[in-house]
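S.K.: Handing you a structure now.
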Amino acid sequence: MKPFRIKDKAFEQLPESSCLSNAVRKLMRKHFTHCSPDYQMFLFLFQELQEFQEKEDPVMCGAQIHFPTVEDVDAETARGLAGTNGLQYCCAKSAGIADHREGSCGDSKKLYWVMAWGTACEANTILAQIILEELVPRIYDLALLDELKKCSGGNLFFGRLQERKWLLDNYVQAVISANRLPDQINFIQISAMPYEGRAVRTQIFFSKKPIPPDIPGTVYFRCERGSDRIRFKTKNMRPVRKLMEVSGAEAGLWVKLPECVIEGSVMCSNAAEQTAGLCVAFEGALVWSIHKGGENILTYREGNYIIPAMQPDVDKYADLSKMVSFGRDFEIPDKMDKLQQIVRRIASVCRHGTSIVFMERRGIVAEIDNRLSRYRRGFKVEPFPLAEAQEEILQGITAIDGAVFADLSGDCYAIGVIVDGQMVVEGDYGRGARYNSIKNYITGYKVNHPKHVCLAVVMSEDGMINVIL
C-alpha cells in the first residue's frame, strides 16, 4: 500500500500485517473455539519522524534494549487507519520501534498498531486493549516481525496471552475498573446468599446519574443523614441482600456511582437500563451478568467467567432434529413430534439439568417394574401424561437426582431413576456424569434389546440439550 495521510500524519501500511492477523486469530480461537469476532491486525509506519526523534526515549541505545512506551491513539486516527482496510470498529496503540531489518539503517521509528473488527461489540474493545497492551512492547524491533513470519505466529511473542485464565482474569478486571464497579467478589458473595431459602433474582442499575425523580413504581430511599445511606460494599452485604429482595425480579436497585450509594428501587424496564447504562442481573444462586448499553459483556456462572461474545450462537434445541429421522426409521414420526414438544416444555421450566429416557411399554416393564425399582434405583409412579402435567409437577420431578422414564406416548412411569449397566461405550471427558451415564445406559440397553425402540434426552445445567439414540 502506498503512503497516505490522515490529518497531519503520513502512514505506510506494512505487509507484515497479514502474518500478525493470522497469528492473533489463531491464538483467539485456541482460547475460544467459537470465537465470533474475526480480528484483523494492521501495522502502520509513521512517516514523519522528526517529532518522534526529538523524544529522549529511544528504543535502542547501543547494545541495550529499551522497551517502548505504549501510547493510546486518538479515536479519529484509529478509525481512519482501520477504515483504509474497510473496517469501522477498532482499538489502536502506538510505540517506538527500531528497524534492524536487513538493508535498513537501524533508525528509530514509530509504529501504529490497529486491531480491528467488523461488528460493534464492547467485549471486542476490551479484549483488543488487553492484547495490544501485552503484545506491543514485545516487538521492539521491526526485525522481530521477520522472525514472527518464520515461526508462523508462534508462542515466542505472545507471552501471557497464551494463558486463557490470564486473559479472562484481565478481561474481568478491565470490565470492573473501566466502569468503576465494586469488586466482583461482592457480586459472587451476594449471588450465593439465599434469603429465607430463596435465591436472588433481581437487577442492580449502576449509574453516575442520580435516580430519576419521576419513574412510575419507584421506591425512593430517604437519606437525610449520612448514617441513612446504605452503600454497596463488602461489609453491607446482608442489608443489601435484603433490599434486593424488596426489588425482586420485576424491579432493581439503583446505585449511584462512584459512591455506590443505593438510592432506591426502580421497575426493570428498557428505559431504566438505558438511563443507567450499566446493569448487573442476578439470575439465581451464583449466576450473574454485567450488561452495558444492552450488551451482555460478562457472565459469571458457578465459578466460571464467560464472555458471551466469544460463545457459540447456537440453537439449544438443534439436536432434537435427530428425533425426526429416528421416528421415520421406526415409522413413528407422529410420536417423535409429540416427544419433541414434551422435551421443549420440560426444558422451558426445568431449573436444573435432567434426563428423560423414552422406551416402549415392554421396556418400561422390564427395566422399571422388574429390575431397577426392585433394587431401589428409582420411584415408580402412577402413569401420567407429561404433555398435560402442570409446570410445578414438571419442575418437581426434574429437580431430584436421577432420570425420568416415560413411554413413547409421553406417559411418565418413574422418576429419580439411577441408571446402571456395565461400561459399553467410551466416555467423554468434556461432559458430566449425567450425560456419560445415560449414554452408557442407552448403548447397553440396545445391545441387550436390539429390536426395542429406546432413546434419551439429556438437559445440561447450562441449557444445552442432547439426544442420545
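Letters A, B, ... go to the chains of the C-alpha cells in the order shown; residues in each chain start at 1; ligands are counted from 1 in the same order.
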Env of stretch 367-372 of chain A: 12 Å cut, atoms = only C-alpha atoms, seq-sep filter 5 positions within chain, self excluded. Answer as a PyMOL selection string.
M.R.: chain A and resi 357-362+377-382+402-407+412-421+441-442+445+448-449+454
S.K.: Those same residues, written as an mmCIF file, in the first residue's frame with N, CA and C atoms?
M.R.:
data_model
loop_
_atom_site.group_PDB
_atom_site.id
_atom_site.type_symbol
_atom_site.label_atom_id
_atom_site.label_comp_id
_atom_site.auth_asym_id
_atom_site.auth_seq_id
_atom_site.Cartn_x
_atom_site.Cartn_y
_atom_site.Cartn_z
ATOM 1 N N VAL A 357 -35.625 -40.680 29.719
ATOM 2 C CA VAL A 357 -35.471 -41.888 28.918
ATOM 3 C C VAL A 357 -36.845 -42.276 28.376
ATOM 4 N N PHE A 358 -36.936 -42.389 27.050
ATOM 5 C CA PHE A 358 -38.170 -42.816 26.397
ATOM 6 C C PHE A 358 -37.963 -44.231 25.854
ATOM 7 N N MET A 359 -38.871 -45.152 26.183
ATOM 8 C CA MET A 359 -38.786 -46.507 25.645
ATOM 9 C C MET A 359 -40.186 -47.111 25.524
ATOM 10 N N GLU A 360 -40.260 -48.233 24.825
ATOM 11 C CA GLU A 360 -41.539 -48.904 24.654
ATOM 12 C C GLU A 360 -42.077 -49.388 25.998
ATOM 13 N N ARG A 361 -43.396 -49.660 26.033
ATOM 14 C CA ARG A 361 -44.026 -50.124 27.278
ATOM 15 C C ARG A 361 -43.378 -51.415 27.775
ATOM 16 N N ARG A 362 -43.003 -52.312 26.873
ATOM 17 C CA ARG A 362 -42.373 -53.559 27.314
ATOM 18 C C ARG A 362 -41.019 -53.291 27.964
ATOM 19 N N ARG A 377 -33.628 -48.282 42.841
ATOM 20 C CA ARG A 377 -32.901 -47.388 41.940
ATOM 21 C C ARG A 377 -33.808 -46.302 41.361
ATOM 22 N N GLY A 378 -35.033 -46.198 41.855
ATOM 23 C CA GLY A 378 -35.934 -45.175 41.354
ATOM 24 C C GLY A 378 -37.294 -45.293 42.007
ATOM 25 N N PHE A 379 -38.171 -44.336 41.713
ATOM 26 C CA PHE A 379 -39.512 -44.289 42.298
ATOM 27 C C PHE A 379 -40.553 -44.510 41.199
ATOM 28 N N LYS A 380 -41.333 -45.568 41.353
ATOM 29 C CA LYS A 380 -42.419 -45.805 40.400
ATOM 30 C C LYS A 380 -43.577 -44.860 40.709
ATOM 31 N N VAL A 381 -44.235 -44.374 39.668
ATOM 32 C CA VAL A 381 -45.399 -43.502 39.851
ATOM 33 C C VAL A 381 -46.542 -44.021 38.990
ATOM 34 N N GLU A 382 -47.770 -43.656 39.374
ATOM 35 C CA GLU A 382 -48.902 -43.963 38.517
ATOM 36 C C GLU A 382 -48.723 -43.188 37.218
ATOM 37 N N GLY A 402 -31.412 -38.252 39.254
ATOM 38 C CA GLY A 402 -31.913 -39.408 38.530
ATOM 39 C C GLY A 402 -32.754 -39.012 37.329
ATOM 40 N N ALA A 403 -33.019 -40.007 36.489
ATOM 41 C CA ALA A 403 -33.718 -39.771 35.222
ATOM 42 C C ALA A 403 -35.221 -39.974 35.367
ATOM 43 N N VAL A 404 -35.941 -39.353 34.444
ATOM 44 C CA VAL A 404 -37.374 -39.577 34.288
ATOM 45 C C VAL A 404 -37.550 -40.637 33.203
ATOM 46 N N PHE A 405 -38.377 -41.658 33.479
ATOM 47 C CA PHE A 405 -38.650 -42.703 32.490
ATOM 48 C C PHE A 405 -40.079 -42.546 31.979
ATOM 49 N N ALA A 406 -40.235 -42.540 30.651
ATOM 50 C CA ALA A 406 -41.555 -42.397 30.035
ATOM 51 C C ALA A 406 -41.648 -43.309 28.829
ATOM 52 N N ASP A 407 -42.888 -43.642 28.440
ATOM 53 C CA ASP A 407 -43.053 -44.470 27.243
ATOM 54 C C ASP A 407 -43.104 -43.579 26.004
ATOM 55 N N CYS A 412 -45.362 -40.712 31.897
ATOM 56 C CA CYS A 412 -44.273 -40.923 32.856
ATOM 57 C C CYS A 412 -44.585 -42.114 33.763
ATOM 58 N N TYR A 413 -43.597 -43.002 33.957
ATOM 59 C CA TYR A 413 -43.764 -44.198 34.785
ATOM 60 C C TYR A 413 -42.833 -44.223 35.992
ATOM 61 N N ALA A 414 -41.758 -43.440 35.955
ATOM 62 C CA ALA A 414 -40.809 -43.462 37.071
ATOM 63 C C ALA A 414 -40.002 -42.170 37.092
ATOM 64 N N ILE A 415 -39.580 -41.764 38.293
ATOM 65 C CA ILE A 415 -38.764 -40.562 38.448
ATOM 66 C C ILE A 415 -37.578 -40.888 39.347
ATOM 67 N N GLY A 416 -36.553 -40.063 39.293
ATOM 68 C CA GLY A 416 -35.374 -40.255 40.142
ATOM 69 C C GLY A 416 -34.690 -41.583 39.919
ATOM 70 N N VAL A 417 -34.672 -42.045 38.668
ATOM 71 C CA VAL A 417 -34.110 -43.364 38.370
ATOM 72 C C VAL A 417 -32.595 -43.268 38.205
ATOM 73 N N ILE A 418 -31.882 -44.056 38.979
ATOM 74 C CA ILE A 418 -30.425 -44.127 38.864
ATOM 75 C C ILE A 418 -30.107 -45.258 37.890
ATOM 76 N N VAL A 419 -29.642 -44.905 36.719
ATOM 77 C CA VAL A 419 -29.375 -45.919 35.696
ATOM 78 C C VAL A 419 -28.059 -46.628 35.988
ATOM 79 N N ASP A 420 -27.945 -47.863 35.502
ATOM 80 C CA ASP A 420 -26.742 -48.638 35.755
ATOM 81 C C ASP A 420 -26.327 -49.353 34.481
ATOM 82 N N GLY A 421 -25.450 -50.319 34.615
ATOM 83 C CA GLY A 421 -25.006 -51.099 33.460
ATOM 84 C C GLY A 421 -23.497 -51.136 33.357
ATOM 85 N N TYR A 441 -25.917 -46.165 29.490
ATOM 86 C CA TYR A 441 -27.111 -46.968 29.749
ATOM 87 C C TYR A 441 -27.870 -47.260 28.446
ATOM 88 N N ILE A 442 -28.086 -46.223 27.623
ATOM 89 C CA ILE A 442 -28.840 -46.407 26.383
ATOM 90 C C ILE A 442 -28.099 -47.365 25.445
ATOM 91 N N TYR A 445 -28.438 -50.879 26.848
ATOM 92 C CA TYR A 445 -29.801 -51.397 26.692
ATOM 93 C C TYR A 445 -30.035 -51.868 25.268
ATOM 94 N N ASN A 448 -28.495 -55.241 24.486
ATOM 95 C CA ASN A 448 -29.261 -56.366 25.043
ATOM 96 C C ASN A 448 -30.658 -56.485 24.439
ATOM 97 N N HIS A 449 -31.178 -55.393 23.865
ATOM 98 C CA HIS A 449 -32.524 -55.402 23.283
ATOM 99 C C HIS A 449 -32.477 -54.712 21.917
ATOM 100 N N CYS A 454 -35.700 -47.204 21.856
ATOM 101 C CA CYS A 454 -35.271 -46.543 23.090
ATOM 102 C C CYS A 454 -34.396 -45.339 22.742
#
S.K.: Return as a VMD selection string the full set of residues in stretch 108-304 of chain A whose backbone-based DSSP assignment is strand (DSSP E or B).
M.R.: chain A and resid 108 to 117 141 195 198 201 to 207 219 to 220 231 251 to 256 261 to 267 278 to 283 287 to 292 295 to 301 304
S.K.: Restricting the calculation to only C-alpha atoms: of A:Ala272, A:Arg231, A:Ala120, A:Trp254, which residue gets closest to A:Pro216?
M.R.: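 When distances to A:Pro216 are compared using only C-alpha atoms, the smallest one comes from A:Ala272.
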S.K.: Could you name the residues that touch A:Gln13 at 8 Å or less, counting only C-alpha atoms, but leaving out those on the same chain fewer than 3 positions away, as a ChimeraX atom specification?
M.R.: /A:1-3,17,42-45
S.K.: Mind giving me the straight-line distance from atom CA of A:Trp288 to atom CA of A:Pro210 in Å, one decimal?
M.R.: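 Separation of atom CA of A:Trp288 and atom CA of A:Pro210: 23.7 Å.
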S.K.: For A:Ile130, list every protein, DNA or RNA residue within 9 Å, evaluated using only C-alpha atoms, and leave out those in the same chain fewer than 4 positions away; present the list as a list in words.
M.R.: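 Neighbouring residues, sequence-local ones excluded: Thr125, Ile126, Glu134, Leu135, Leu161, Leu167, Asn170, Tyr171 and Ala174 of chain A.
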S.K.: Could you please determine the separation between atom CA of A:Gln40 and atom CA of A:Ala309 in Å, to one decimal place?
M.R.: 16.5 Å
S.K.: Going by DSSP on the backbone, which bits of stretch 340-434 of chain A are alpha helix (DSSP H)? Write them as a ChimeraX atom specification, please.
M.R.: /A:340-349,361-364,391-399,433-434
S.K.: I need the chosen residues saved as an mmCIF file, in the first residue's frame, with N, CA and C atoms.
M.R.:
data_model
loop_
_atom_site.group_PDB
_atom_site.id
_atom_site.type_symbol
_atom_site.label_atom_id
_atom_site.label_comp_id
_atom_site.auth_asym_id
_atom_site.auth_seq_id
_atom_site.Cartn_x
_atom_site.Cartn_y
_atom_site.Cartn_z
ATOM 1 N N GLN A 340 -40.928 -34.450 21.081
ATOM 2 C CA GLN A 340 -40.186 -33.193 20.929
ATOM 3 C C GLN A 340 -40.867 -32.068 21.693
ATOM 4 N N GLN A 341 -42.181 -31.961 21.568
ATOM 5 C CA GLN A 341 -42.921 -30.914 22.254
ATOM 6 C C GLN A 341 -42.822 -31.070 23.768
ATOM 7 N N ILE A 342 -42.834 -32.322 24.229
ATOM 8 C CA ILE A 342 -42.689 -32.574 25.667
ATOM 9 C C ILE A 342 -41.317 -32.112 26.149
ATOM 10 N N VAL A 343 -40.270 -32.442 25.383
ATOM 11 C CA VAL A 343 -38.911 -32.045 25.757
ATOM 12 C C VAL A 343 -38.797 -30.518 25.819
ATOM 13 N N ARG A 344 -39.342 -29.832 24.838
ATOM 14 C CA ARG A 344 -39.285 -28.364 24.827
ATOM 15 C C ARG A 344 -40.012 -27.786 26.048
ATOM 16 N N ARG A 345 -41.135 -28.386 26.385
ATOM 17 C CA ARG A 345 -41.907 -27.876 27.527
ATOM 18 C C ARG A 345 -41.143 -28.083 28.826
ATOM 19 N N ILE A 346 -40.574 -29.265 28.999
ATOM 20 C CA ILE A 346 -39.803 -29.534 30.226
ATOM 21 C C ILE A 346 -38.572 -28.629 30.292
ATOM 22 N N ALA A 347 -37.905 -28.444 29.160
ATOM 23 C CA ALA A 347 -36.706 -27.599 29.134
ATOM 24 C C ALA A 347 -37.024 -26.157 29.520
ATOM 25 N N SER A 348 -38.225 -25.699 29.201
ATOM 26 C CA SER A 348 -38.596 -24.312 29.492
ATOM 27 C C SER A 348 -38.850 -24.060 30.973
ATOM 28 N N VAL A 349 -39.121 -25.123 31.736
ATOM 29 C CA VAL A 349 -39.425 -24.944 33.160
ATOM 30 C C VAL A 349 -38.405 -25.605 34.072
ATOM 31 N N ARG A 361 -43.396 -49.660 26.033
ATOM 32 C CA ARG A 361 -44.026 -50.124 27.278
ATOM 33 C C ARG A 361 -43.378 -51.415 27.775
ATOM 34 N N ARG A 362 -43.003 -52.312 26.873
ATOM 35 C CA ARG A 362 -42.373 -53.559 27.314
ATOM 36 C C ARG A 362 -41.019 -53.291 27.964
ATOM 37 N N GLY A 363 -40.330 -52.266 27.489
ATOM 38 C CA GLY A 363 -39.054 -51.902 28.108
ATOM 39 C C GLY A 363 -39.258 -51.315 29.490
ATOM 40 N N ILE A 364 -40.324 -50.510 29.669
ATOM 41 C CA ILE A 364 -40.645 -49.955 30.982
ATOM 42 C C ILE A 364 -40.889 -51.073 31.992
ATOM 43 N N GLU A 391 -46.795 -27.149 35.364
ATOM 44 C CA GLU A 391 -45.391 -26.762 35.382
ATOM 45 C C GLU A 391 -44.731 -27.101 36.716
ATOM 46 N N GLU A 392 -45.472 -26.925 37.811
ATOM 47 C CA GLU A 392 -44.914 -27.226 39.129
ATOM 48 C C GLU A 392 -44.555 -28.704 39.245
ATOM 49 N N ILE A 393 -45.384 -29.563 38.626
ATOM 50 C CA ILE A 393 -45.101 -31.002 38.647
ATOM 51 C C ILE A 393 -43.820 -31.300 37.868
ATOM 52 N N LEU A 394 -43.697 -30.698 36.698
ATOM 53 C CA LEU A 394 -42.506 -30.919 35.868
ATOM 54 C C LEU A 394 -41.254 -30.412 36.572
ATOM 55 N N GLN A 395 -41.366 -29.267 37.239
ATOM 56 C CA GLN A 395 -40.220 -28.747 37.973
ATOM 57 C C GLN A 395 -39.826 -29.689 39.107
ATOM 58 N N GLY A 396 -40.830 -30.255 39.772
ATOM 59 C CA GLY A 396 -40.560 -31.138 40.898
ATOM 60 C C GLY A 396 -39.898 -32.441 40.504
ATOM 61 N N ILE A 397 -40.398 -33.080 39.430
ATOM 62 C CA ILE A 397 -39.840 -34.392 39.067
ATOM 63 C C ILE A 397 -38.472 -34.272 38.411
ATOM 64 N N THR A 398 -38.122 -33.071 37.933
ATOM 65 C CA THR A 398 -36.790 -32.893 37.330
ATOM 66 C C THR A 398 -35.800 -32.281 38.314
ATOM 67 N N ALA A 399 -36.280 -31.900 39.509
ATOM 68 C CA ALA A 399 -35.389 -31.263 40.486
ATOM 69 C C ALA A 399 -34.562 -32.276 41.259
ATOM 70 N N ALA A 433 -21.283 -36.340 34.554
ATOM 71 C CA ALA A 433 -21.711 -37.693 34.918
ATOM 72 C C ALA A 433 -23.074 -38.023 34.328
ATOM 73 N N ARG A 434 -24.001 -37.037 34.305
ATOM 74 C CA ARG A 434 -25.340 -37.304 33.789
ATOM 75 C C ARG A 434 -25.282 -37.768 32.336
#
S.K.: As a tab-separated table (two decimals) with N, CA and C atoms, in the first residue's frame, please: the residues near stretch 93-109 of chain A (cut-off 6 Å, only C-alpha atoms, same-chain neighbours under 6 positions excluded).
M.R.:
chain	number	residue	atom	x	y	z
A	59	VAL	N	14.38	3.61	21.35
A	59	VAL	CA	14.11	2.19	21.51
A	59	VAL	C	15.41	1.43	21.73
A	68	PRO	N	9.69	-0.09	24.44
A	68	PRO	CA	9.00	1.17	24.15
A	68	PRO	C	7.80	1.40	25.06
A	69	THR	N	7.48	2.67	25.24
A	69	THR	CA	6.29	3.05	25.98
A	69	THR	C	5.09	2.99	25.04
A	70	VAL	N	4.08	2.30	25.47
A	70	VAL	CA	2.87	2.15	24.64
A	70	VAL	C	1.95	3.34	24.88
A	71	GLU	N	1.50	3.96	23.80
A	71	GLU	CA	0.65	5.14	23.90
A	71	GLU	C	-0.69	4.88	23.21
A	72	ASP	N	-1.75	5.48	23.74
A	72	ASP	CA	-3.06	5.38	23.09
A	72	ASP	C	-3.09	6.26	21.85
A	73	VAL	N	-3.86	5.81	20.87
A	73	VAL	CA	-4.06	6.57	19.63
A	73	VAL	C	-5.46	7.18	19.68
A	140	TYR	N	9.90	-4.83	19.76
A	140	TYR	CA	10.57	-3.55	19.87
A	140	TYR	C	11.49	-3.28	18.68
A	141	ASP	N	11.50	-4.21	17.72
A	141	ASP	CA	12.32	-4.03	16.53
A	141	ASP	C	11.58	-4.66	15.34
A	142	LEU	N	11.57	-3.96	14.23
A	142	LEU	CA	10.89	-4.48	13.04
A	142	LEU	C	11.51	-5.80	12.57
A	143	ALA	N	12.76	-6.05	12.97
A	143	ALA	CA	13.40	-7.31	12.60
A	143	ALA	C	12.69	-8.50	13.25
